[in-house]
Structure formats: C-alpha cells, structure tokens
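Q: Quick one, run.cif (mmCIF, C-alpha atoms):
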data_coords
#
loop_
_atom_site.label_atom_id
_atom_site.label_comp_id
_atom_site.auth_asym_id
_atom_site.auth_seq_id
_atom_site.Cartn_x
_atom_site.Cartn_y
_atom_site.Cartn_z
CA MET A 1313 -1.75 19.83 14.32
CA THR A 1314 -2.77 16.18 14.78
CA THR A 1315 -0.07 13.60 15.51
CA ASN A 1316 0.47 11.44 12.43
CA LEU A 1317 -0.15 7.88 13.61
CA MET A 1318 2.39 6.52 11.11
CA MET A 1319 5.15 8.62 12.66
CA LYS A 1320 4.66 6.78 15.95
CA ARG A 1321 6.06 3.27 16.38
CA ASP A 1322 3.78 2.10 19.17
CA GLY A 1323 1.73 -1.06 18.64
CA PHE A 1324 1.10 -3.10 15.52
CA LYS A 1325 -0.12 -0.83 12.74
CA LEU A 1326 -3.31 -1.72 10.89
CA GLY A 1327 -4.67 -0.11 7.74
CA THR A 1328 -6.68 -0.91 4.65
CA PHE A 1329 -5.31 -1.35 1.14
CA SER A 1330 -6.78 -0.76 -2.32
CA SER A 1331 -10.28 0.36 -1.35
CA ASN A 1332 -9.96 3.01 -4.09
CA CYS A 1333 -9.82 0.24 -6.73
CA SER A 1334 -12.66 -1.75 -8.26
CA SER A 1335 -12.87 -5.19 -6.58
CA GLY A 1336 -10.36 -4.06 -3.96
CA MET A 1337 -7.82 -6.87 -3.63
CA THR A 1338 -10.06 -9.77 -4.61
CA VAL A 1339 -9.95 -10.94 -8.22
CA THR A 1340 -13.45 -12.39 -8.15
CA LYS A 1341 -16.58 -12.29 -10.27
CA ALA A 1342 -18.84 -12.60 -7.21
CA PRO A 1343 -21.50 -9.89 -7.42
CA GLU A 1344 -20.81 -8.57 -3.90
CA ARG A 1345 -17.20 -7.74 -4.77
CA TRP A 1346 -16.10 -4.28 -3.63
CA ASN A 1347 -17.68 -1.28 -5.30
CA ASN A 1348 -15.02 1.44 -5.05
CA SER A 1349 -17.39 4.38 -5.24
CA TRP A 1350 -16.49 7.57 -3.38
CA GLU A 1351 -19.54 7.04 -1.16
CA ASN A 1352 -18.29 3.59 -0.11
CA ASN A 1353 -14.76 4.86 0.49
CA LEU A 1354 -16.02 7.73 2.63
CA ARG A 1355 -18.24 5.38 4.62
CA LEU A 1356 -15.29 3.05 5.15
CA GLY A 1357 -12.89 5.85 6.06
CA LYS A 1358 -15.20 7.19 8.76
CA MET A 1359 -15.62 3.69 10.25
CA LEU A 1360 -11.87 3.08 10.27
CA ASP A 1361 -11.23 6.45 11.87
CA ALA A 1362 -13.76 5.85 14.64
CA ALA A 1363 -12.32 2.38 15.29
CA GLY A 1364 -8.76 3.65 15.76
CA ILE A 1365 -7.34 2.07 12.60
CA ASP A 1366 -4.03 3.72 11.70
CA PHE A 1367 -4.09 4.33 7.95
CA MET A 1368 -5.60 3.89 4.51
CA LEU A 1369 -3.35 3.03 1.56
CA PRO A 1370 -4.50 3.25 -2.07
CA ILE A 1371 -3.14 1.71 -5.27
CA ALA A 1372 -2.40 4.05 -8.18
CA ARG A 1373 -3.58 2.33 -11.34
CA TRP A 1374 -4.26 3.62 -14.86
CA ILE A 1375 -5.51 0.55 -16.74
CA GLY A 1376 -7.17 -2.65 -15.57
CA TYR A 1377 -6.00 -6.24 -15.74
CA GLY A 1378 -8.67 -7.45 -18.15
CA GLY A 1379 -10.71 -10.59 -17.69
CA GLU A 1380 -14.45 -10.56 -17.28
CA THR A 1381 -14.27 -7.99 -14.45
CA ASP A 1382 -11.38 -5.90 -15.81
CA PHE A 1383 -9.91 -6.09 -12.31
CA HIS A 1384 -8.76 -2.61 -11.21
CA GLY A 1385 -10.24 -1.07 -14.33
CA GLY A 1386 -12.01 1.47 -12.13
CA VAL A 1387 -9.75 3.45 -9.79
CA LEU A 1388 -10.21 6.65 -7.78
CA GLU A 1389 -7.12 8.84 -8.27
CA THR A 1390 -5.12 8.73 -5.07
CA MET A 1391 -4.18 12.34 -4.34
CA THR A 1392 -7.72 13.66 -4.64
CA TRP A 1393 -9.06 10.54 -2.87
CA ALA A 1394 -6.69 11.21 0.04
CA ALA A 1395 -7.68 14.89 0.18
CA GLY A 1396 -11.35 13.99 0.47
CA LEU A 1397 -10.77 11.41 3.19
CA LEU A 1398 -8.48 13.70 5.19
CA ALA A 1399 -11.18 16.37 5.14
CA HIS A 1400 -13.73 13.96 6.64
CA THR A 1401 -11.66 12.15 9.30
CA GLN A 1402 -9.92 13.13 12.53
CA ASN A 1403 -7.03 10.74 13.32
CA LEU A 1404 -6.48 8.41 10.36
CA THR A 1405 -3.31 8.73 8.26
CA VAL A 1406 -4.18 8.68 4.56
CA PHE A 1407 -1.49 7.93 1.97
CA ALA A 1408 -1.40 9.10 -1.62
CA THR A 1409 0.30 6.58 -3.92
CA ILE A 1410 2.36 8.33 -6.59
CA HIS A 1411 4.23 7.02 -9.64
CA THR A 1412 7.47 8.98 -9.90
CA ALA A 1413 7.63 8.85 -13.70
CA ALA A 1414 4.12 10.20 -14.22
CA ASN A 1415 4.15 13.03 -11.67
CA ASN A 1416 6.38 16.09 -11.56
CA PRO A 1417 8.06 16.37 -8.14
CA VAL A 1418 7.41 20.13 -7.85
CA VAL A 1419 3.70 19.48 -8.30
CA VAL A 1420 3.70 16.49 -5.94
CA ALA A 1421 5.53 18.45 -3.21
CA LYS A 1422 2.79 21.09 -3.26
CA GLN A 1423 -0.04 18.54 -3.49
CA ILE A 1424 1.22 16.53 -0.49
CA ALA A 1425 1.79 19.70 1.53
CA THR A 1426 -1.74 20.85 0.69
CA ILE A 1427 -3.47 17.62 1.69
CA ASP A 1428 -1.33 17.54 4.85
CA GLN A 1429 -2.82 20.91 5.75
CA ILE A 1430 -6.31 19.59 5.01
CA GLY A 1431 -5.65 16.67 7.37
CA LYS A 1432 -3.83 18.77 10.00
CA GLY A 1433 -0.66 16.70 9.62
CA ARG A 1434 -2.06 13.27 8.66
CA ALA A 1435 -0.93 12.83 5.04
CA GLY A 1436 1.45 10.11 3.83
CA LEU A 1437 3.33 9.42 0.58
CA ASN A 1438 3.64 5.97 -0.99
CA ILE A 1439 6.31 6.08 -3.72
CA VAL A 1440 6.16 3.79 -6.77
CA ALA A 1441 9.32 3.77 -8.89
CA GLY A 1442 7.61 1.80 -11.67
CA TRP A 1443 7.03 -1.80 -12.71
CA ASN A 1444 3.83 -2.11 -14.78
CA LYS A 1445 5.00 -1.80 -18.39
CA PRO A 1446 1.52 -1.68 -20.02
CA GLU A 1447 0.64 1.29 -17.82
CA TYR A 1448 3.79 3.09 -18.90
CA GLU A 1449 2.83 2.45 -22.51
CA ALA A 1450 -0.71 3.69 -21.86
CA LEU A 1451 0.74 6.95 -20.55
CA GLY A 1452 3.21 7.29 -23.43
CA LEU A 1453 6.18 6.54 -21.17
CA THR A 1454 9.02 4.04 -21.43
CA LEU A 1455 9.68 1.75 -18.46
CA PRO A 1456 13.47 1.47 -18.03
CA ASP A 1457 14.58 -2.15 -18.17
CA ASP A 1458 17.09 -1.75 -15.36
CA HIS A 1459 16.24 -1.06 -11.73
CA GLU A 1460 19.24 1.24 -11.37
CA THR A 1461 17.62 3.77 -13.70
CA ARG A 1462 14.17 3.43 -12.13
CA TYR A 1463 15.48 4.04 -8.63
CA GLY A 1464 18.06 6.60 -9.68
CA TYR A 1465 15.19 8.63 -11.10
CA ALA A 1466 13.07 8.03 -7.99
CA GLN A 1467 15.91 9.15 -5.71
CA GLU A 1468 16.39 12.44 -7.53
CA TRP A 1469 12.59 12.89 -7.66
CA LEU A 1470 12.39 12.53 -3.88
CA ASP A 1471 15.47 14.70 -3.34
CA VAL A 1472 13.71 17.51 -5.22
CA ILE A 1473 10.61 17.13 -3.04
CA ARG A 1474 12.66 17.18 0.16
CA LYS A 1475 14.56 20.26 -0.99
CA LEU A 1476 11.26 22.02 -1.68
CA TRP A 1477 10.02 21.11 1.80
CA GLU A 1478 13.27 22.15 3.51
CA SER A 1479 14.31 25.30 1.66
CA GLU A 1480 13.01 28.74 2.57
CA GLU A 1481 14.47 30.26 -0.60
CA TYR A 1482 13.90 29.87 -4.32
CA PHE A 1483 16.49 27.61 -5.91
CA ASP A 1484 17.62 26.09 -9.21
CA TRP A 1485 18.11 22.34 -9.65
CA ASP A 1486 20.55 20.96 -12.22
CA GLY A 1487 20.45 17.17 -11.98
CA LYS A 1488 20.59 14.09 -14.15
CA TYR A 1489 16.81 13.83 -14.55
CA PHE A 1490 15.49 17.26 -13.53
CA ASN A 1491 16.52 20.78 -14.51
CA LEU A 1492 14.45 23.28 -12.58
CA LYS A 1493 14.66 27.07 -12.51
CA HIS A 1494 13.65 29.31 -9.63
CA VAL A 1495 11.41 26.91 -7.71
CA ALA A 1496 10.19 26.98 -4.12
CA GLY A 1497 7.86 24.98 -1.92
CA ASP A 1498 5.08 26.85 -0.16
CA PRO A 1499 3.13 25.47 1.66
CA LYS A 1500 5.11 22.74 3.36
CA PRO A 1501 3.93 19.72 5.38
CA LEU A 1502 3.00 20.82 8.87
CA SER A 1503 5.82 18.85 10.53
CA GLY A 1504 8.23 19.43 7.64
CA THR A 1505 7.72 15.98 6.15
CA VAL A 1506 5.24 13.08 5.95
CA PRO A 1507 5.63 9.31 6.49
CA ILE A 1508 7.02 7.65 3.37
CA LEU A 1509 6.16 4.13 2.26
CA ASN A 1510 7.81 2.10 -0.49
CA ALA A 1511 7.33 -1.45 -1.76
CA ALA A 1512 10.58 -2.85 -3.09
CA GLY A 1513 11.88 -6.31 -3.93
CA SER A 1514 15.01 -5.75 -6.01
CA PRO A 1515 18.36 -4.94 -4.35
CA GLN A 1516 18.22 -1.44 -5.84
CA GLY A 1517 14.68 -0.97 -4.57
CA ARG A 1518 15.60 -2.07 -1.08
CA ASP A 1519 18.56 0.28 -1.07
CA PHE A 1520 16.15 3.08 -1.96
CA ALA A 1521 13.62 2.06 0.71
CA THR A 1522 16.17 1.70 3.49
CA ASP A 1523 17.67 5.07 2.48
CA ASN A 1524 14.39 6.96 2.39
CA ALA A 1525 11.26 5.24 3.67
CA ASN A 1526 9.71 5.09 7.11
CA TYR A 1527 8.14 1.78 6.11
CA LEU A 1528 9.08 -0.83 3.55
CA PHE A 1529 6.17 -2.85 2.19
CA THR A 1530 6.70 -6.54 1.36
CA PRO A 1531 4.53 -9.69 1.06
CA ALA A 1532 4.33 -12.36 3.76
CA ILE A 1533 4.06 -15.73 2.06
CA ASP A 1534 6.39 -17.88 4.17
CA LEU A 1535 6.72 -16.45 7.69
CA ALA A 1536 10.02 -18.23 8.39
CA ARG A 1537 11.41 -16.61 5.29
CA SER A 1538 9.85 -13.28 6.29
CA ARG A 1539 11.53 -13.38 9.70
CA ASP A 1540 14.97 -13.57 8.10
CA GLU A 1541 14.05 -10.98 5.48
CA ILE A 1542 12.87 -8.48 8.10
CA GLN A 1543 16.04 -8.90 10.14
CA GLU A 1544 18.18 -8.32 7.03
CA LEU A 1545 16.20 -5.23 6.04
CA LYS A 1546 16.34 -3.71 9.51
CA GLU A 1547 20.08 -4.39 9.72
CA GLN A 1548 20.55 -2.78 6.31
CA ALA A 1549 18.67 0.30 7.55
CA ARG A 1550 20.55 0.41 10.86
CA GLY A 1551 23.82 0.37 8.92
CA LYS A 1552 22.66 3.68 7.43
CA GLY A 1553 21.63 5.09 10.80
CA ARG A 1554 17.95 4.60 10.05
CA ASP A 1555 15.04 2.72 11.63
CA VAL A 1556 12.70 1.34 8.96
CA GLY A 1557 9.55 -0.58 9.84
CA VAL A 1558 8.44 -3.44 7.60
CA LEU A 1559 4.76 -3.69 6.69
CA THR A 1560 2.93 -6.46 4.89
CA PHE A 1561 -0.58 -6.93 3.50
CA SER A 1562 -3.28 -9.42 4.50
CA HIS A 1563 -6.66 -10.52 3.23
CA VAL A 1564 -9.44 -11.15 5.74
CA ILE A 1565 -12.34 -13.60 5.56
CA CYS A 1566 -13.67 -13.61 9.11
CA ARG A 1567 -16.86 -15.39 10.15
CA GLU A 1568 -18.47 -16.82 13.27
CA THR A 1569 -17.23 -20.32 12.44
CA GLU A 1570 -14.27 -21.63 10.48
CA ALA A 1571 -16.63 -23.65 8.28
CA GLU A 1572 -18.45 -20.46 7.25
CA ALA A 1573 -15.17 -18.70 6.47
CA ARG A 1574 -13.81 -21.61 4.44
CA ALA A 1575 -17.08 -21.92 2.51
CA TYR A 1576 -16.96 -18.24 1.62
CA GLN A 1577 -13.29 -18.54 0.64
CA LYS A 1578 -14.24 -21.35 -1.76
CA TYR A 1579 -17.18 -19.37 -3.13
CA ILE A 1580 -15.09 -16.25 -3.78
CA THR A 1581 -12.05 -17.99 -5.22
CA ASP A 1582 -12.66 -21.57 -6.38
CA ASP A 1583 -16.13 -20.87 -7.71
CA ASN A 1584 -15.85 -17.25 -8.88
CA ALA A 1585 -12.24 -16.18 -9.47
CA ASP A 1586 -11.63 -14.16 -12.63
CA TRP A 1587 -8.74 -16.40 -13.68
CA GLU A 1588 -7.98 -14.46 -16.85
CA ALA A 1589 -7.38 -11.32 -14.79
CA VAL A 1590 -5.41 -13.36 -12.22
CA ASP A 1591 -3.10 -14.72 -14.90
CA ASN A 1592 -2.60 -11.28 -16.42
CA LEU A 1593 -1.64 -9.99 -12.97
CA VAL A 1594 0.72 -12.89 -12.24
CA ASN A 1595 2.36 -12.64 -15.67
CA LEU A 1596 3.04 -8.94 -15.18
CA GLN A 1597 4.58 -9.62 -11.77
CA PHE A 1598 6.88 -12.21 -13.34
CA ALA A 1599 7.85 -9.95 -16.22
CA HIS A 1600 8.50 -6.57 -14.64
CA ALA A 1601 8.38 -6.55 -10.82
CA HIS A 1602 10.31 -7.90 -7.89
CA SER A 1603 7.71 -7.09 -5.24
CA PHE A 1604 7.01 -10.81 -4.88
CA PRO A 1605 9.84 -13.37 -4.62
CA HIS A 1606 9.93 -14.87 -8.10
CA ASP A 1607 10.59 -18.39 -6.85
CA LEU A 1608 7.26 -18.24 -4.97
CA LEU A 1609 5.08 -16.66 -7.64
CA ALA A 1610 4.09 -20.00 -9.14
CA GLN A 1611 2.77 -21.04 -5.71
CA ILE A 1612 0.55 -18.02 -5.13
CA ARG A 1613 -1.88 -18.00 -8.05
CA TYR A 1614 -4.69 -18.93 -5.66
CA LEU A 1615 -3.60 -16.24 -3.19
CA MET A 1616 -3.57 -13.72 -6.05
CA ALA A 1617 -7.20 -14.53 -6.79
CA GLN A 1618 -8.20 -14.41 -3.13
CA GLY A 1619 -6.43 -11.24 -2.08
CA HIS A 1620 -3.78 -10.07 -4.58
CA GLY A 1621 -1.22 -12.33 -2.88
CA GLY A 1622 -1.90 -11.05 0.62
CA PHE A 1623 -1.33 -13.13 3.75
CA PRO A 1624 -4.55 -15.14 4.27
CA LEU A 1625 -6.45 -14.43 7.49
CA VAL A 1626 -9.32 -16.88 7.13
CA GLY A 1627 -11.41 -18.27 9.97
CA THR A 1628 -13.03 -17.25 13.24
CA PRO A 1629 -12.21 -13.98 15.01
CA GLN A 1630 -9.80 -15.90 17.27
CA GLN A 1631 -8.07 -17.52 14.27
CA VAL A 1632 -7.80 -14.21 12.41
CA ALA A 1633 -6.40 -12.51 15.51
CA GLU A 1634 -3.87 -15.32 15.97
CA GLY A 1635 -2.75 -14.82 12.37
CA ILE A 1636 -2.18 -11.11 12.98
CA ILE A 1637 -0.30 -11.88 16.20
CA LYS A 1638 1.94 -14.26 14.21
CA LEU A 1639 2.74 -11.43 11.81
CA HIS A 1640 3.66 -9.26 14.81
CA GLU A 1641 5.84 -12.02 16.29
CA THR A 1642 7.56 -12.48 12.92
CA GLY A 1643 8.75 -8.88 13.16
CA PHE A 1644 6.34 -6.97 10.96
CA ALA A 1645 5.52 -3.48 12.19
CA GLY A 1646 2.00 -3.74 10.81
CA SER A 1647 -0.25 -5.00 8.05
CA THR A 1648 -2.87 -3.72 5.68
CA LEU A 1649 -6.22 -5.46 5.61
CA SER A 1650 -8.50 -6.11 2.68
CA PHE A 1651 -11.96 -7.63 2.53
CA VAL A 1652 -14.21 -8.75 -0.30
CA ASP A 1653 -16.57 -5.93 0.76
CA TYR A 1654 -14.65 -3.66 3.12
CA ALA A 1655 -17.53 -1.60 4.46
CA GLU A 1656 -19.84 -4.56 5.07
CA GLU A 1657 -17.22 -6.85 6.63
CA PHE A 1658 -15.10 -4.44 8.67
CA PRO A 1659 -17.64 -3.96 11.49
CA PHE A 1660 -17.51 -7.68 12.36
CA PHE A 1661 -13.69 -7.50 12.37
CA ARG A 1662 -13.81 -4.34 14.49
CA ASP A 1663 -16.16 -5.79 17.07
CA ASN A 1664 -14.65 -9.26 17.31
CA VAL A 1665 -10.97 -9.18 16.31
CA LEU A 1666 -9.71 -5.80 17.54
CA PRO A 1667 -10.59 -6.60 21.20
CA ILE A 1668 -8.49 -9.80 21.01
CA LEU A 1669 -5.55 -7.84 19.62
CA ALA A 1670 -5.92 -5.25 22.39
CA GLU A 1671 -6.00 -7.98 25.03
CA ALA A 1672 -2.83 -9.45 23.48
CA GLY A 1673 -1.17 -6.05 23.91
CA ILE A 1674 -0.34 -5.36 20.27
CA ARG A 1675 -3.02 -2.70 19.77
#
Take the structure from the file and write it as structure tokens.

A:
Amino acid sequence: MTTNLMMKRDGFKLGTFSSNCSSGMTVTKAPERWNNSWENNLRLGKMLDAAGIDFMLPIARWIGYGGETDFHGGVLETMTWAAGLLAHTQNLTVFATIHTAANNPVVVAKQIATIDQIGKGRAGLNIVAGWNKPEYEALGLTLPDDHETRYGYAQEWLDVIRKLWESEEYFDWDGKYFNLKHVAGDPKPLSGTVPILNAAGSPQGRDFATDNANYLFTPAIDLARSRDEIQELKEQARGKGRDVGVLTFSHVICRETEAEARAYQKYITDDNADWEAVDNLVNLQFAHAHSFPHDLLAQIRYLMAQGHGGFPLVGTPQQVAEGIIKLHETGFAGSTLSFVDYAEEFPFFRDNVLPILAEAGIR
C-alpha cells in the first residue's frame, strides 16, 4: 500500500483543480484554453506525479454555463477519470468529486474502495451536498431550498458509506433518507477510509465539514479575512476533537517577467473573457451557493473570468512563489493550482517555482 499524501500533514499541499473540465478554471475564449481530453489529463497527471505534486481534484459537472464557449460544457466524469489516473501514477492522490443527491451511497462506497485498490491507497472523496439548481433540474432532481436538508441528507449519505467501510457483516439501514436491506461493503479502502474534502460556506455546511472532512475548501479573496476564517474553522473543528486543514484554490499565470505575465492576464481576461458564461456562473453563485462570501461576489467578476474566483498568482516565479508563501502564512494547509493550459504551463512552474518553495521550507 502507498501512503496517501493527503493523509499526511507535512508541508504545504499543492494540487490541480478542474483539469477534467473544458477550459479548466479560465472562462476565456482564447483558442489555447484548456482542452480537457483524456490524453491531456493523463499527460498532466504523469507530470504532476513525477514532480511530487500532492493531488488532483476534479469538478463534477453535468451541464455547462453557456456563453460562446459553453464553459464546463465538456466534463470527464470524475470517478472513472480518477480510476484511470490512479492506474497510471505512483504517488499522487486523486479525488473523485461526487454529488450526494445523484449517487447512491452503496454504489459510491464500492466505487471509491475499488479505485483505492487501483491506486494502492491513493484515492480521495470530494463531497458536494448540492448548490447548482439547473443541474438538479437537468437530472430530474429537486434542490432543497434549505441547507439543513441538503446537509442532513449528505450526513446520512456519508454515514451509510462509513458503515459499509467499517462493518464486516451485512446490515439493514432504516434512516430518514435511506432504507437499505441486507447490504455490505466489500472491498473496502485499503486503510479503511480515504481523505475527505468538502467545500462549504453556509453554517450548516461548515458544521458538516468540521464534523467529517479532512480538508475544508474555501476561497481566498481577502487574506486578512481568510486568516480569521481559518482560525474560526480550526477552533470549531478542535471543539469536536478534530483537526481539519483548510485548502484554497489559486490561478497561476507565471512568466519570466511580470510584464509578460500581466500582458497575458489582459489577453486572457480583458480581451477574451466569455462574459456571458462568467455572468451565468456569478448569478448561480449568488442564487444558490455560499461557497463564496456573498458580500464579495460583486468584486470578483474579473477573478471569475480569470480563474473561477481563485487567488491570483500572476507574475514572475519569485512573485508567484511569494503569493503561495503568503497563503501558507495565512494558515492555509494547501492550495490547488489552475493554468490556462495546465500541461503546457506546469513545467515552467515546476522548474522555477517549486525550488523556491522548497528553499522556503514549505515543500
């Protein structure tokens, strides 16, 4: 069995986000935007693995955001995507992102256990309790208006999975949301469980995350605000006898000079943003989700176009490294990275930014 890197708390964790989705995290019409083909994802995964990057995290999406590019209209399904990557890598943790309402927990328990065997203990589970109403409608589901119901369902869903992973016997389950007869979980994850990730902004969501997750995922827009938020979240978890790391997500435009990076930022966003898709994305965040602080959403339309609202890491390798070090100093346990073209841009980041982070002692 391989040690799951996301079960270890050493160093500042780095991963990629949304490479399974068309255009990745950049809502741009630029022709070099990310092509999320399996071939590109496999190429990227092998590079990340060889470079010592900790994890890959996908987005589960069922319909796109419209606009000229139909941002995220093309998406590789996350469980099968993770299985393929785990089969072709050696050390990387690969998460599957799963919507609780659309996936039966008995099936998910077996799927995660299976891909964990494929990866020799390197699978992870990212739980989504639901926020995107049009996707629910596309799947013939109803998104509950209240977060209590969404997370009550998610808690029982996860409780079923844990019972399947823990029990050696067949059992019945008579709950509020699930009534199961004579079920059992075989196989099980190699270590008995996998690292669990959850993005939550509402009070109910943060209760769920601090009860259950190894890592809570939240945006970093104002680092002073993030510092206080991280302290509150960690205190909330400690009050439950738990240690929860807080991850964020970042978008990288790294070039030899700052002028080159800023010019490319302008080209990707000012000159080529798919603003119709951006506005659809922002409007949905306002209407149904609390992943972003609502009082800041109006300020981040540009950041949504550039990198889905991710913390901007724009500049020279030294400037990008300094931005990551600031995230570490703020209290984040790690960050995802996205690029306009992940596979083309990551090697420059690997060769020029990672050594600075290692010298700083956070990698």

Q: Nearest residue to Phe1483 (chain A) out of A:Val1339, A:Val1418, A:Leu1666, A:Ala1536, using all atoms listed in the file?

A: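 Comparing A:Val1339, A:Val1418, A:Leu1666, A:Ala1536 against Phe1483 (chain A), the winner is A:Val1418.
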
Q: Counting all atoms listed in the file, which residue out of A:Arg1373, A:Glu1478, A:Thr1409, A:Arg1574 sits closest to Tyr1448 (chain A)?

A: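 Among the listed residues, A:Arg1373 lies closest to Tyr1448 (chain A).
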
Q: Identify which of the residues A:Val1472, A:Gln1467, A:Asn1584, A:Thr1412 lies closest to Leu1453 (chain A), counting all atoms listed in the file when measuring atom-to-atom distances.

A: A:Thr1412

Q: Could you state which residues are captured by the PyMOL selection byres ((chain A and resi 1491-1508) around 7) in this file, as a PyMOL selection string?

A: chain A and resi 1318-1319+1422+1425-1426+1428-1429+1433+1435-1438+1476-1477+1481-1487+1489-1490+1509-1510+1525-1527

Q: Restricting the output to C-alpha atoms, write the selected residues as an mmCIF file, in the frame of the given file.

A:
data_model
loop_
_atom_site.group_PDB
_atom_site.id
_atom_site.type_symbol
_atom_site.label_atom_id
_atom_site.label_comp_id
_atom_site.auth_asym_id
_atom_site.auth_seq_id
_atom_site.Cartn_x
_atom_site.Cartn_y
_atom_site.Cartn_z
ATOM 1 C CA MET A 1318 2.390 6.520 11.110
ATOM 2 C CA MET A 1319 5.150 8.620 12.660
ATOM 3 C CA LYS A 1422 2.790 21.090 -3.260
ATOM 4 C CA ALA A 1425 1.790 19.700 1.530
ATOM 5 C CA THR A 1426 -1.740 20.850 0.690
ATOM 6 C CA ASP A 1428 -1.330 17.540 4.850
ATOM 7 C CA GLN A 1429 -2.820 20.910 5.750
ATOM 8 C CA GLY A 1433 -0.660 16.700 9.620
ATOM 9 C CA ALA A 1435 -0.930 12.830 5.040
ATOM 10 C CA GLY A 1436 1.450 10.110 3.830
ATOM 11 C CA LEU A 1437 3.330 9.420 0.580
ATOM 12 C CA ASN A 1438 3.640 5.970 -0.990
ATOM 13 C CA LEU A 1476 11.260 22.020 -1.680
ATOM 14 C CA TRP A 1477 10.020 21.110 1.800
ATOM 15 C CA GLU A 1481 14.470 30.260 -0.600
ATOM 16 C CA TYR A 1482 13.900 29.870 -4.320
ATOM 17 C CA PHE A 1483 16.490 27.610 -5.910
ATOM 18 C CA ASP A 1484 17.620 26.090 -9.210
ATOM 19 C CA TRP A 1485 18.110 22.340 -9.650
ATOM 20 C CA ASP A 1486 20.550 20.960 -12.220
ATOM 21 C CA GLY A 1487 20.450 17.170 -11.980
ATOM 22 C CA TYR A 1489 16.810 13.830 -14.550
ATOM 23 C CA PHE A 1490 15.490 17.260 -13.530
ATOM 24 C CA LEU A 1509 6.160 4.130 2.260
ATOM 25 C CA ASN A 1510 7.810 2.100 -0.490
ATOM 26 C CA ALA A 1525 11.260 5.240 3.670
ATOM 27 C CA ASN A 1526 9.710 5.090 7.110
ATOM 28 C CA TYR A 1527 8.140 1.780 6.110
#

Q: Since I can't run it myself right now, could you work out what the PyMOL selection byres ((chain A and resi 1396) around 12) selects here and report it as a VMD selection string?

A: chain A and resid 1332 1350 to 1351 1353 to 1355 1357 to 1358 1388 to 1395 1397 to 1401 1406 to 1408 1426 to 1428 1430 to 1431 1435

Q: Nearest residue to Phe1561 (chain A) out of A:Ile1668, A:Leu1596, A:Leu1649, A:Ala1617, using only C-alpha atoms?

A: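 Closest residue, counting only C-alpha atoms: A:Leu1649.
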
Q: Find the smallest box with edges along x, y and z containing every listed atom of region 1560-1575 of chain A, then add 5 Å on each side and report centre and edge lengths in Å to one decimal, as AutoDock Vina command-line options.

A:
--center_x -7.8 --center_y -15.1 --center_z 7.9 --size_x 31.4 --size_y 27.2 --size_z 20.8
